[in-house]
Amino acid sequence: MSSLTIIVDYSNVYGGRQRFPKNFIEVNVTPDTTVDKVKNTVLNYLNIPYFDLYYLEFNKQKLDDQQSVGSLNFSKKVVLVLKCNNLDELYSRMRRDRRL
Amino acid sequence: MSLSFGSTLKVYLKLTLLFALLGGILVGLGFLIGGISLAFWFLLFALAFNFIMYFISDKIVLLSTGAKIVSEEEAPRLHAIVSKLSAQAGIPKPKVAIVRSPQPNAFATGRNKEHALVAATTGLLNMMNDDEVEAVLAHEIGHVIHRDMLVSTVAASIATAISYIGNLIAWMVILGGLGGRGRDDSARSIAALGAAILAPLAATFVQLAISRSREYYADEASAVLTRRPQSLIRALTKIEQMIYRGAPLNASPSTASLWIANPFKGSSLLELFSTHPSTENRIRRLEEIARKMGYYV
């Protein structure tokens, strides 16, 4: 099974300003890997446990968590953007869990 | 909180030596342009400029790092740790700020103990346990106690004056203002041009050496304040790993010297050119401190 490298831009995971260099990480996947798995890999790397608050975006289109990478017909070096769908909830949970 | 007498003496001797070196370069350049008095005026100008910066630096830093001052309700854990550390250090509680960035890092700014600000990134707060966050913030409190903003402002002032004089000499040589047409005069012009190029470079190296020595000093303060040097070793290791694994910080590169670890460095950068000592050297020193404290490392 051929593998593919997906680049994830996680600069905006905490909703910070985007004036400076972006933050990227490479994730190695196979066509069977789901979008959910890619997202969780990056969130685990960042030690963020709130998986339900995040989604991946490609060309400003929100990707379905259950879709497989193979079904999306990505080119060799695709860049996905990791985004939070509710920053208020994120910070509220971080406070609740004594992370802030 | 206090460091041992020997350790404090060593820090002050090193700082005095480095400032003497900067002063020496300034005086040497002053002679080249025809007198100490002109060098003195450049120093006064640089001091005035840098002291204005010193008074407004905290606002500039907040803007350039994207840090936001937070209340106790917004960041209870961070506030609790800063309150505990500032009480232990015997200083007023600094303002507390958060930078929304995935990279674990922290910095302190403010012109004195009464106007200090300590900031941490969301990445640091999410990735580190309480002991590690405490160790990192104790390092930042160390910068506040040691008046490092003042030290770096004075160092920057002298280095700026040297750089101005270097530029002046270079222009004097180019426009023929130094020396005449004889062989001796040509040699003098070449020497002056060499000094004009090398002196600001040497001043920058000394300024960076001062910055690095303050980092070691703040590390030592963290070890003394928390009594757990191992926590700072673990925190520095985590930060280093994150920086090398490619998690650049969303902040201006001009703020590199502020952070506990340089967030913009590459793996091949020589320590001589760096605002921070290598993490390896910092850990080695912290291990020595831990052994002196009676911990097995």
# chains A, B, ... in the order shown; residues from 1 in each chain; ligands from 1
>>> interface_residues(of="chain A", to="chain B", cutoff="9 Å", atoms="only C-alpha atoms", output="PDB file with all heavy atoms, in the first residue's frame")
ATOM      1  N   TYR A  10      -0.776  23.661  12.035  1.00  0.00           N
ATOM      2  CA  TYR A  10      -1.498  23.751  13.317  1.00  0.00           C
ATOM      3  C   TYR A  10      -1.293  25.106  13.998  1.00  0.00           C
ATOM      4  O   TYR A  10      -1.485  25.251  15.205  1.00  0.00           O
ATOM      5  CB  TYR A  10      -1.085  22.599  14.252  1.00  0.00           C
ATOM      6  CG  TYR A  10       0.377  22.577  14.631  1.00  0.00           C
ATOM      7  CD1 TYR A  10       0.830  23.264  15.741  1.00  0.00           C
ATOM      8  CD2 TYR A  10       1.298  21.850  13.889  1.00  0.00           C
ATOM      9  CE1 TYR A  10       2.166  23.240  16.106  1.00  0.00           C
ATOM     10  CE2 TYR A  10       2.633  21.828  14.239  1.00  0.00           C
ATOM     11  CZ  TYR A  10       3.061  22.518  15.343  1.00  0.00           C
ATOM     12  OH  TYR A  10       4.377  22.506  15.697  1.00  0.00           O
ATOM     13  N   SER A  11      -0.947  26.127  13.200  1.00  0.00           N
ATOM     14  CA  SER A  11      -0.648  27.461  13.758  1.00  0.00           C
ATOM     15  C   SER A  11      -1.805  28.033  14.572  1.00  0.00           C
ATOM     16  O   SER A  11      -1.595  28.798  15.504  1.00  0.00           O
ATOM     17  CB  SER A  11      -0.350  28.441  12.623  1.00  0.00           C
ATOM     18  OG  SER A  11       0.547  27.879  11.720  1.00  0.00           O
ATOM     19  N   ASN A  12      -3.024  27.663  14.169  1.00  0.00           N
ATOM     20  CA  ASN A  12      -4.165  28.340  14.772  1.00  0.00           C
ATOM     21  C   ASN A  12      -4.920  27.488  15.791  1.00  0.00           C
ATOM     22  O   ASN A  12      -6.083  27.764  16.074  1.00  0.00           O
ATOM     23  CB  ASN A  12      -5.102  28.788  13.640  1.00  0.00           C
ATOM     24  CG  ASN A  12      -5.843  30.051  13.994  1.00  0.00           C
ATOM     25  OD1 ASN A  12      -5.413  30.790  14.889  1.00  0.00           O
ATOM     26  ND2 ASN A  12      -6.965  30.281  13.349  1.00  0.00           N
ATOM     27  N   VAL A  13      -4.258  26.481  16.361  1.00  0.00           N
ATOM     28  CA  VAL A  13      -4.974  25.598  17.295  1.00  0.00           C
ATOM     29  C   VAL A  13      -5.495  26.323  18.533  1.00  0.00           C
ATOM     30  O   VAL A  13      -6.476  25.906  19.139  1.00  0.00           O
ATOM     31  CB  VAL A  13      -4.136  24.379  17.767  1.00  0.00           C
ATOM     32  CG1 VAL A  13      -4.086  23.312  16.722  1.00  0.00           C
ATOM     33  CG2 VAL A  13      -2.776  24.800  18.220  1.00  0.00           C
ATOM     34  N   TYR A  14      -4.823  27.409  18.906  1.00  0.00           N
ATOM     35  CA  TYR A  14      -5.284  28.166  20.076  1.00  0.00           C
ATOM     36  C   TYR A  14      -5.876  29.520  19.685  1.00  0.00           C
ATOM     37  O   TYR A  14      -6.078  30.379  20.537  1.00  0.00           O
ATOM     38  CB  TYR A  14      -4.127  28.384  21.059  1.00  0.00           C
ATOM     39  CG  TYR A  14      -3.603  27.109  21.664  1.00  0.00           C
ATOM     40  CD1 TYR A  14      -2.321  26.657  21.359  1.00  0.00           C
ATOM     41  CD2 TYR A  14      -4.382  26.358  22.534  1.00  0.00           C
ATOM     42  CE1 TYR A  14      -1.835  25.484  21.917  1.00  0.00           C
ATOM     43  CE2 TYR A  14      -3.895  25.189  23.091  1.00  0.00           C
ATOM     44  CZ  TYR A  14      -2.619  24.756  22.776  1.00  0.00           C
ATOM     45  OH  TYR A  14      -2.138  23.605  23.329  1.00  0.00           O
ATOM     46  N   GLY A  15      -6.064  29.718  18.386  1.00  0.00           N
ATOM     47  CA  GLY A  15      -6.678  30.963  17.921  1.00  0.00           C
ATOM     48  C   GLY A  15      -5.765  32.173  17.973  1.00  0.00           C
ATOM     49  O   GLY A  15      -6.238  33.294  18.000  1.00  0.00           O
ATOM     50  N   GLY A  16      -4.443  31.973  17.978  1.00  0.00           N
ATOM     51  CA  GLY A  16      -3.510  33.104  18.026  1.00  0.00           C
ATOM     52  C   GLY A  16      -3.483  33.873  16.712  1.00  0.00           C
ATOM     53  O   GLY A  16      -4.046  33.445  15.715  1.00  0.00           O
ATOM     54  N   ARG A  17      -2.802  35.030  16.748  1.00  0.00           N
ATOM     55  CA  ARG A  17      -2.696  35.841  15.537  1.00  0.00           C
ATOM     56  C   ARG A  17      -1.743  35.189  14.545  1.00  0.00           C
ATOM     57  O   ARG A  17      -0.837  34.473  14.928  1.00  0.00           O
ATOM     58  CB  ARG A  17      -2.150  37.231  15.897  1.00  0.00           C
ATOM     59  CG  ARG A  17      -3.152  38.046  16.666  1.00  0.00           C
ATOM     60  CD  ARG A  17      -2.577  39.395  16.980  1.00  0.00           C
ATOM     61  NE  ARG A  17      -1.333  39.286  17.741  1.00  0.00           N
ATOM     62  CZ  ARG A  17      -0.568  40.328  18.033  1.00  0.00           C
ATOM     63  NH1 ARG A  17      -0.901  41.522  17.615  1.00  0.00           N
ATOM     64  NH2 ARG A  17       0.520  40.184  18.753  1.00  0.00           N
ATOM     65  N   GLN A  18      -1.956  35.462  13.278  1.00  0.00           N
ATOM     66  CA  GLN A  18      -1.140  34.805  12.247  1.00  0.00           C
ATOM     67  C   GLN A  18      -0.263  35.783  11.488  1.00  0.00           C
ATOM     68  O   GLN A  18      -0.368  35.927  10.290  1.00  0.00           O
ATOM     69  CB  GLN A  18      -2.069  34.062  11.278  1.00  0.00           C
ATOM     70  CG  GLN A  18      -2.722  32.853  11.891  1.00  0.00           C
ATOM     71  CD  GLN A  18      -1.700  31.947  12.538  1.00  0.00           C
ATOM     72  OE1 GLN A  18      -0.773  31.489  11.891  1.00  0.00           O
ATOM     73  NE2 GLN A  18      -1.838  31.713  13.829  1.00  0.00           N
ATOM     74  N   ARG A  19       0.613  36.489  12.213  1.00  0.00           N
ATOM     75  CA  ARG A  19       1.477  37.458  11.549  1.00  0.00           C
ATOM     76  C   ARG A  19       2.855  36.872  11.266  1.00  0.00           C
ATOM     77  O   ARG A  19       3.648  37.433  10.539  1.00  0.00           O
ATOM     78  CB  ARG A  19       1.661  38.696  12.426  1.00  0.00           C
ATOM     79  CG  ARG A  19       0.390  39.509  12.578  1.00  0.00           C
ATOM     80  CD  ARG A  19       0.687  40.762  13.338  1.00  0.00           C
ATOM     81  NE  ARG A  19       1.300  40.467  14.626  1.00  0.00           N
ATOM     82  CZ  ARG A  19       2.149  41.270  15.236  1.00  0.00           C
ATOM     83  NH1 ARG A  19       2.505  42.383  14.673  1.00  0.00           N
ATOM     84  NH2 ARG A  19       2.647  40.955  16.416  1.00  0.00           N
ATOM     85  N   PHE A  20       3.160  35.747  11.862  1.00  0.00           N
ATOM     86  CA  PHE A  20       4.521  35.229  11.818  1.00  0.00           C
ATOM     87  C   PHE A  20       4.563  33.831  11.194  1.00  0.00           C
ATOM     88  O   PHE A  20       3.525  33.314  10.804  1.00  0.00           O
ATOM     89  CB  PHE A  20       5.107  35.244  13.232  1.00  0.00           C
ATOM     90  CG  PHE A  20       5.096  36.604  13.823  1.00  0.00           C
ATOM     91  CD1 PHE A  20       4.218  36.929  14.825  1.00  0.00           C
ATOM     92  CD2 PHE A  20       5.925  37.584  13.320  1.00  0.00           C
ATOM     93  CE1 PHE A  20       4.180  38.212  15.353  1.00  0.00           C
ATOM     94  CE2 PHE A  20       5.898  38.869  13.819  1.00  0.00           C
ATOM     95  CZ  PHE A  20       5.028  39.187  14.844  1.00  0.00           C
ATOM     96  N   PRO A  21       5.762  33.218  11.100  1.00  0.00           N
ATOM     97  CA  PRO A  21       5.851  31.928  10.417  1.00  0.00           C
ATOM     98  C   PRO A  21       4.848  30.898  10.924  1.00  0.00           C
ATOM     99  O   PRO A  21       4.556  30.826  12.111  1.00  0.00           O
ATOM    100  CB  PRO A  21       7.275  31.475  10.734  1.00  0.00           C
ATOM    101  CG  PRO A  21       8.014  32.718  10.971  1.00  0.00           C
ATOM    102  CD  PRO A  21       7.051  33.672  11.610  1.00  0.00           C
ATOM    103  N   LYS A  22       4.367  30.099  10.000  1.00  0.00           N
ATOM    104  CA  LYS A  22       3.356  29.112  10.373  1.00  0.00           C
ATOM    105  C   LYS A  22       3.979  27.879  11.020  1.00  0.00           C
ATOM    106  O   LYS A  22       5.171  27.655  10.914  1.00  0.00           O
ATOM    107  CB  LYS A  22       2.566  28.728   9.127  1.00  0.00           C
ATOM    108  CG  LYS A  22       1.726  29.879   8.625  1.00  0.00           C
ATOM    109  CD  LYS A  22       0.700  29.417   7.648  1.00  0.00           C
ATOM    110  CE  LYS A  22      -0.288  30.540   7.403  1.00  0.00           C
ATOM    111  NZ  LYS A  22      -1.469  30.098   6.715  1.00  0.00           N
ATOM    112  N   ASN A  23       3.155  27.095  11.673  1.00  0.00           N
ATOM    113  CA  ASN A  23       3.601  25.879  12.360  1.00  0.00           C
ATOM    114  C   ASN A  23       3.097  24.663  11.590  1.00  0.00           C
ATOM    115  O   ASN A  23       1.889  24.492  11.434  1.00  0.00           O
ATOM    116  CB  ASN A  23       3.012  25.837  13.773  1.00  0.00           C
ATOM    117  CG  ASN A  23       3.372  27.066  14.583  1.00  0.00           C
ATOM    118  OD1 ASN A  23       4.269  27.043  15.398  1.00  0.00           O
ATOM    119  ND2 ASN A  23       2.672  28.156  14.341  1.00  0.00           N
ATOM    120  N   PHE A  24       4.035  23.850  11.133  1.00  0.00           N
ATOM    121  CA  PHE A  24       3.659  22.679  10.338  1.00  0.00           C
ATOM    122  C   PHE A  24       4.189  21.391  10.970  1.00  0.00           C
ATOM    123  O   PHE A  24       5.217  21.400  11.633  1.00  0.00           O
ATOM    124  CB  PHE A  24       4.254  22.772   8.925  1.00  0.00           C
ATOM    125  CG  PHE A  24       3.737  23.920   8.115  1.00  0.00           C
ATOM    126  CD1 PHE A  24       4.536  25.018   7.865  1.00  0.00           C
ATOM    127  CD2 PHE A  24       2.461  23.904   7.587  1.00  0.00           C
ATOM    128  CE1 PHE A  24       4.079  26.089   7.113  1.00  0.00           C
ATOM    129  CE2 PHE A  24       1.986  24.962   6.826  1.00  0.00           C
ATOM    130  CZ  PHE A  24       2.796  26.067   6.589  1.00  0.00           C
ATOM    131  N   ILE A  25       3.485  20.300  10.691  1.00  0.00           N
ATOM    132  CA  ILE A  25       4.006  18.984  11.068  1.00  0.00           C
ATOM    133  C   ILE A  25       3.640  18.011   9.949  1.00  0.00           C
ATOM    134  O   ILE A  25       2.582  18.146   9.324  1.00  0.00           O
ATOM    135  CB  ILE A  25       3.446  18.518  12.437  1.00  0.00           C
ATOM    136  CG1 ILE A  25       4.138  17.228  12.862  1.00  0.00           C
ATOM    137  CG2 ILE A  25       1.937  18.369  12.427  1.00  0.00           C
ATOM    138  CD1 ILE A  25       3.843  16.814  14.294  1.00  0.00           C
ATOM    139  N   LEU A  46       0.454  17.648  20.226  1.00  0.00           N
ATOM    140  CA  LEU A  46       0.358  18.938  20.920  1.00  0.00           C
ATOM    141  C   LEU A  46      -0.199  18.807  22.337  1.00  0.00           C
ATOM    142  O   LEU A  46      -0.367  19.811  23.032  1.00  0.00           O
ATOM    143  CB  LEU A  46      -0.526  19.894  20.109  1.00  0.00           C
ATOM    144  CG  LEU A  46      -0.007  20.253  18.716  1.00  0.00           C
ATOM    145  CD1 LEU A  46      -1.059  20.998  17.920  1.00  0.00           C
ATOM    146  CD2 LEU A  46       1.268  21.086  18.818  1.00  0.00           C
ATOM    147  N   ASN A  47      -0.506  17.568  22.732  1.00  0.00           N
ATOM    148  CA  ASN A  47      -1.073  17.295  24.058  1.00  0.00           C
ATOM    149  C   ASN A  47      -2.407  18.022  24.281  1.00  0.00           C
ATOM    150  O   ASN A  47      -2.673  18.562  25.355  1.00  0.00           O
ATOM    151  CB  ASN A  47      -0.060  17.663  25.149  1.00  0.00           C
ATOM    152  CG  ASN A  47      -0.350  16.978  26.457  1.00  0.00           C
ATOM    153  OD1 ASN A  47      -0.965  15.910  26.467  1.00  0.00           O
ATOM    154  ND2 ASN A  47       0.060  17.580  27.552  1.00  0.00           N
ATOM    155  N   ILE A  48      -3.212  18.052  23.232  1.00  0.00           N
ATOM    156  CA  ILE A  48      -4.547  18.656  23.339  1.00  0.00           C
ATOM    157  C   ILE A  48      -5.568  17.513  23.297  1.00  0.00           C
ATOM    158  O   ILE A  48      -5.679  16.831  22.272  1.00  0.00           O
ATOM    159  CB  ILE A  48      -4.803  19.658  22.184  1.00  0.00           C
ATOM    160  CG1 ILE A  48      -3.770  20.788  22.218  1.00  0.00           C
ATOM    161  CG2 ILE A  48      -6.230  20.224  22.255  1.00  0.00           C
ATOM    162  CD1 ILE A  48      -3.827  21.733  21.038  1.00  0.00           C
ATOM    163  N   TYR A  91     -11.156  27.120  25.704  1.00  0.00           N
ATOM    164  CA  TYR A  91     -10.552  27.777  26.872  1.00  0.00           C
ATOM    165  C   TYR A  91     -11.313  27.461  28.156  1.00  0.00           C
ATOM    166  O   TYR A  91     -10.716  27.367  29.224  1.00  0.00           O
ATOM    167  CB  TYR A  91     -10.412  29.285  26.617  1.00  0.00           C
ATOM    168  CG  TYR A  91      -9.216  29.552  25.729  1.00  0.00           C
ATOM    169  CD1 TYR A  91      -9.345  29.615  24.348  1.00  0.00           C
ATOM    170  CD2 TYR A  91      -7.941  29.640  26.263  1.00  0.00           C
ATOM    171  CE1 TYR A  91      -8.242  29.801  23.526  1.00  0.00           C
ATOM    172  CE2 TYR A  91      -6.827  29.824  25.467  1.00  0.00           C
ATOM    173  CZ  TYR A  91      -6.982  29.902  24.095  1.00  0.00           C
ATOM    174  OH  TYR A  91      -5.889  30.056  23.301  1.00  0.00           O
ATOM    175  N   SER A  92     -12.631  27.269  28.021  1.00  0.00           N
ATOM    176  CA  SER A  92     -13.414  26.907  29.201  1.00  0.00           C
ATOM    177  C   SER A  92     -12.990  25.514  29.709  1.00  0.00           C
ATOM    178  O   SER A  92     -12.820  25.294  30.913  1.00  0.00           O
ATOM    179  CB  SER A  92     -14.894  26.974  28.815  1.00  0.00           C
ATOM    180  OG  SER A  92     -15.641  26.122  29.594  1.00  0.00           O
ATOM    181  N   MET A  94     -10.085  24.076  29.134  1.00  0.00           N
ATOM    182  CA  MET A  94      -8.710  24.155  29.639  1.00  0.00           C
ATOM    183  C   MET A  94      -8.696  24.692  31.071  1.00  0.00           C
ATOM    184  O   MET A  94      -7.917  24.248  31.907  1.00  0.00           O
ATOM    185  CB  MET A  94      -7.840  25.020  28.711  1.00  0.00           C
ATOM    186  CG  MET A  94      -7.369  24.248  27.479  1.00  0.00           C
ATOM    187  SD  MET A  94      -6.666  25.268  26.179  1.00  0.00           S
ATOM    188  CE  MET A  94      -5.208  25.880  26.942  1.00  0.00           C
ATOM    189  N   ARG A  95      -9.560  25.650  31.351  1.00  0.00           N
ATOM    190  CA  ARG A  95      -9.662  26.180  32.724  1.00  0.00           C
ATOM    191  C   ARG A  95     -10.196  25.099  33.662  1.00  0.00           C
ATOM    192  O   ARG A  95      -9.669  24.880  34.742  1.00  0.00           O
ATOM    193  CB  ARG A  95     -10.585  27.395  32.755  1.00  0.00           C
ATOM    194  CG  ARG A  95      -9.852  28.708  32.607  1.00  0.00           C
ATOM    195  CD  ARG A  95     -10.768  29.882  32.855  1.00  0.00           C
ATOM    196  NE  ARG A  95     -11.748  30.031  31.793  1.00  0.00           N
ATOM    197  CZ  ARG A  95     -11.499  30.651  30.641  1.00  0.00           C
ATOM    198  NH1 ARG A  95     -10.320  31.176  30.417  1.00  0.00           N
ATOM    199  NH2 ARG A  95     -12.426  30.754  29.714  1.00  0.00           N
ATOM    200  N   ARG A  98      -7.675  22.598  34.714  1.00  0.00           N
ATOM    201  CA  ARG A  98      -6.478  23.224  35.307  1.00  0.00           C
ATOM    202  C   ARG A  98      -5.288  23.220  34.348  1.00  0.00           C
ATOM    203  O   ARG A  98      -4.164  22.922  34.703  1.00  0.00           O
ATOM    204  CB  ARG A  98      -6.100  22.533  36.621  1.00  0.00           C
ATOM    205  CG  ARG A  98      -6.779  23.135  37.836  1.00  0.00           C
ATOM    206  CD  ARG A  98      -6.217  22.606  39.124  1.00  0.00           C
ATOM    207  NE  ARG A  98      -4.765  22.714  39.236  1.00  0.00           N
ATOM    208  CZ  ARG A  98      -4.119  23.827  39.569  1.00  0.00           C
ATOM    209  NH1 ARG A  98      -4.777  24.921  39.808  1.00  0.00           N
ATOM    210  NH2 ARG A  98      -2.807  23.822  39.665  1.00  0.00           N
ATOM    211  N   ARG A  99      -5.592  23.560  33.088  1.00  0.00           N
ATOM    212  CA  ARG A  99      -4.518  23.660  32.112  1.00  0.00           C
ATOM    213  C   ARG A  99      -4.115  25.119  31.891  1.00  0.00           C
ATOM    214  O   ARG A  99      -3.107  25.390  31.254  1.00  0.00           O
ATOM    215  CB  ARG A  99      -4.958  23.057  30.775  1.00  0.00           C
ATOM    216  CG  ARG A  99      -4.980  21.541  30.783  1.00  0.00           C
ATOM    217  CD  ARG A  99      -5.622  20.969  29.545  1.00  0.00           C
ATOM    218  NE  ARG A  99      -5.449  19.545  29.511  1.00  0.00           N
ATOM    219  CZ  ARG A  99      -4.524  18.915  28.792  1.00  0.00           C
ATOM    220  NH1 ARG A  99      -3.707  19.591  28.030  1.00  0.00           N
ATOM    221  NH2 ARG A  99      -4.421  17.607  28.823  1.00  0.00           N
ATOM    222  N   LEU A 100      -4.930  26.048  32.375  1.00  0.00           N
ATOM    223  CA  LEU A 100      -4.614  27.473  32.167  1.00  0.00           C
ATOM    224  C   LEU A 100      -4.267  28.146  33.494  1.00  0.00           C
ATOM    225  O   LEU A 100      -4.913  27.907  34.488  1.00  0.00           O
ATOM    226  CB  LEU A 100      -5.796  28.207  31.555  1.00  0.00           C
ATOM    227  CG  LEU A 100      -5.940  28.174  30.033  1.00  0.00           C
ATOM    228  CD1 LEU A 100      -7.102  29.040  29.615  1.00  0.00           C
ATOM    229  CD2 LEU A 100      -4.687  28.661  29.329  1.00  0.00           C
TER     230      LEU A 100
END
>>> select_by_dssp(residues="chain A", states="alpha helix (DSSP H)", output="ChimeraX atom specification")
/A:35-45,87-96
>>> atom_distance(atom1="atom CA of B:Ser37", atom2="atom CA of B:Ala161")
12.7 Å
>>> select_by_dssp(residues="stretch 112-208 of chain B", states="strand (DSSP E)", output="MDAnalysis selection string")
chainID B and resid 117:121
>>> residues_around(residues="A:Val38", least_positions_apart="6", cutoff="10 Å", atoms="only C-alpha atoms", output="list of chain:residue names")
A:Ile6, A:Ile7, A:Val8, A:Glu26, A:Val27, A:Asn28, A:Val29, A:Leu56, A:Asp65, A:Ser68, A:Val69, A:Leu80, A:Leu82
>>> write_last_selection(atoms="all heavy atoms", output="mmCIF file, in the first residue's frame")
data_model
loop_
_atom_site.group_PDB
_atom_site.id
_atom_site.type_symbol
_atom_site.label_atom_id
_atom_site.label_comp_id
_atom_site.auth_asym_id
_atom_site.auth_seq_id
_atom_site.Cartn_x
_atom_site.Cartn_y
_atom_site.Cartn_z
ATOM 1 N N ILE A 6 1.244 13.876 4.652
ATOM 2 C CA ILE A 6 0.316 15.005 4.742
ATOM 3 C C ILE A 6 0.925 16.044 5.677
ATOM 4 O O ILE A 6 1.439 15.704 6.748
ATOM 5 C CB ILE A 6 -1.058 14.531 5.282
ATOM 6 C CG1 ILE A 6 -1.790 13.774 4.169
ATOM 7 C CG2 ILE A 6 -1.902 15.695 5.779
ATOM 8 C CD1 ILE A 6 -3.139 13.273 4.569
ATOM 9 N N ILE A 7 0.913 17.290 5.245
ATOM 10 C CA ILE A 7 1.437 18.364 6.104
ATOM 11 C C ILE A 7 0.244 19.031 6.777
ATOM 12 O O ILE A 7 -0.727 19.396 6.111
ATOM 13 C CB ILE A 7 2.233 19.395 5.276
ATOM 14 C CG1 ILE A 7 3.427 18.699 4.587
ATOM 15 C CG2 ILE A 7 2.730 20.548 6.144
ATOM 16 C CD1 ILE A 7 4.008 19.474 3.439
ATOM 17 N N VAL A 8 0.335 19.147 8.078
ATOM 18 C CA VAL A 8 -0.763 19.801 8.805
ATOM 19 C C VAL A 8 -0.269 21.128 9.389
ATOM 20 O O VAL A 8 0.759 21.172 10.071
ATOM 21 C CB VAL A 8 -1.325 18.889 9.928
ATOM 22 C CG1 VAL A 8 -2.426 19.611 10.703
ATOM 23 C CG2 VAL A 8 -1.849 17.595 9.338
ATOM 24 N N GLU A 26 4.548 17.079 9.692
ATOM 25 C CA GLU A 26 4.275 16.078 8.649
ATOM 26 C C GLU A 26 3.707 14.817 9.289
ATOM 27 O O GLU A 26 4.201 14.371 10.326
ATOM 28 C CB GLU A 26 5.558 15.731 7.905
ATOM 29 C CG GLU A 26 6.018 16.853 6.998
ATOM 30 C CD GLU A 26 7.211 16.465 6.130
ATOM 31 O OE1 GLU A 26 7.892 15.469 6.447
ATOM 32 O OE2 GLU A 26 7.456 17.163 5.146
ATOM 33 N N VAL A 27 2.685 14.267 8.658
ATOM 34 C CA VAL A 27 2.095 13.016 9.159
ATOM 35 C C VAL A 27 2.127 11.993 8.017
ATOM 36 O O VAL A 27 1.639 12.285 6.914
ATOM 37 C CB VAL A 27 0.631 13.229 9.620
ATOM 38 C CG1 VAL A 27 0.059 11.959 10.223
ATOM 39 C CG2 VAL A 27 0.533 14.370 10.616
ATOM 40 N N ASN A 28 2.714 10.834 8.282
ATOM 41 C CA ASN A 28 2.743 9.782 7.257
ATOM 42 C C ASN A 28 1.453 8.969 7.338
ATOM 43 O O ASN A 28 1.070 8.520 8.420
ATOM 44 C CB ASN A 28 3.953 8.855 7.473
ATOM 45 C CG ASN A 28 5.241 9.597 7.213
ATOM 46 O OD1 ASN A 28 5.329 10.395 6.277
ATOM 47 N ND2 ASN A 28 6.238 9.359 8.045
ATOM 48 N N VAL A 29 0.804 8.791 6.198
ATOM 49 C CA VAL A 29 -0.485 8.080 6.184
ATOM 50 C C VAL A 29 -0.515 7.068 5.037
ATOM 51 O O VAL A 29 0.318 7.109 4.132
ATOM 52 C CB VAL A 29 -1.674 9.067 6.004
ATOM 53 C CG1 VAL A 29 -1.789 10.020 7.166
ATOM 54 C CG2 VAL A 29 -1.534 9.849 4.695
ATOM 55 N N LEU A 56 -10.238 19.288 10.411
ATOM 56 C CA LEU A 56 -9.213 19.599 9.406
ATOM 57 C C LEU A 56 -9.881 20.223 8.196
ATOM 58 O O LEU A 56 -11.003 19.872 7.830
ATOM 59 C CB LEU A 56 -8.457 18.328 9.001
ATOM 60 C CG LEU A 56 -7.399 17.849 9.983
ATOM 61 C CD1 LEU A 56 -6.909 16.456 9.625
ATOM 62 C CD2 LEU A 56 -6.210 18.808 10.042
ATOM 63 N N ASP A 65 -14.582 13.804 9.299
ATOM 64 C CA ASP A 65 -13.654 13.002 10.108
ATOM 65 C C ASP A 65 -13.565 11.547 9.634
ATOM 66 O O ASP A 65 -12.513 10.919 9.755
ATOM 67 C CB ASP A 65 -14.096 13.018 11.577
ATOM 68 C CG ASP A 65 -13.528 14.218 12.322
ATOM 69 O OD1 ASP A 65 -12.750 14.971 11.708
ATOM 70 O OD2 ASP A 65 -13.878 14.402 13.501
ATOM 71 N N SER A 68 -11.686 8.655 4.293
ATOM 72 C CA SER A 68 -10.310 8.149 4.239
ATOM 73 C C SER A 68 -9.494 9.080 3.354
ATOM 74 O O SER A 68 -10.032 9.762 2.476
ATOM 75 C CB SER A 68 -10.285 6.729 3.680
ATOM 76 O OG SER A 68 -10.659 6.756 2.323
ATOM 77 N N VAL A 69 -8.189 9.099 3.640
ATOM 78 C CA VAL A 69 -7.293 9.971 2.872
ATOM 79 C C VAL A 69 -7.325 9.583 1.390
ATOM 80 O O VAL A 69 -7.325 10.443 0.504
ATOM 81 C CB VAL A 69 -5.857 9.859 3.445
ATOM 82 C CG1 VAL A 69 -4.855 10.520 2.536
ATOM 83 C CG2 VAL A 69 -5.806 10.470 4.833
ATOM 84 N N LEU A 80 -3.038 20.455 5.036
ATOM 85 C CA LEU A 80 -4.349 20.573 5.679
ATOM 86 C C LEU A 80 -4.208 21.546 6.861
ATOM 87 O O LEU A 80 -3.124 21.658 7.445
ATOM 88 C CB LEU A 80 -4.822 19.220 6.196
ATOM 89 C CG LEU A 80 -4.901 18.080 5.177
ATOM 90 C CD1 LEU A 80 -5.434 16.824 5.849
ATOM 91 C CD2 LEU A 80 -5.786 18.455 3.995
ATOM 92 N N LEU A 82 -5.433 22.637 10.620
ATOM 93 C CA LEU A 82 -6.134 22.190 11.825
ATOM 94 C C LEU A 82 -6.800 23.403 12.478
ATOM 95 O O LEU A 82 -6.133 24.401 12.761
ATOM 96 C CB LEU A 82 -5.137 21.549 12.790
ATOM 97 C CG LEU A 82 -5.704 20.951 14.068
ATOM 98 C CD1 LEU A 82 -6.671 19.811 13.797
ATOM 99 C CD2 LEU A 82 -4.572 20.450 14.973
#
>>> closest_residue(among="A:Val42, A:Cys84, A:Leu90, A:Val79", to="A:Leu4", atoms="only C-alpha atoms")
A:Val79
>>> atom_distance(atom1="atom CA of B:Leu208", atom2="atom CA of B:Thr275")
5.2 Å
>>> closest_residue(among="A:Thr34, A:Ser75, A:Asn86, A:Thr41", to="A:Leu63", atoms="only C-alpha atoms")
A:Thr34
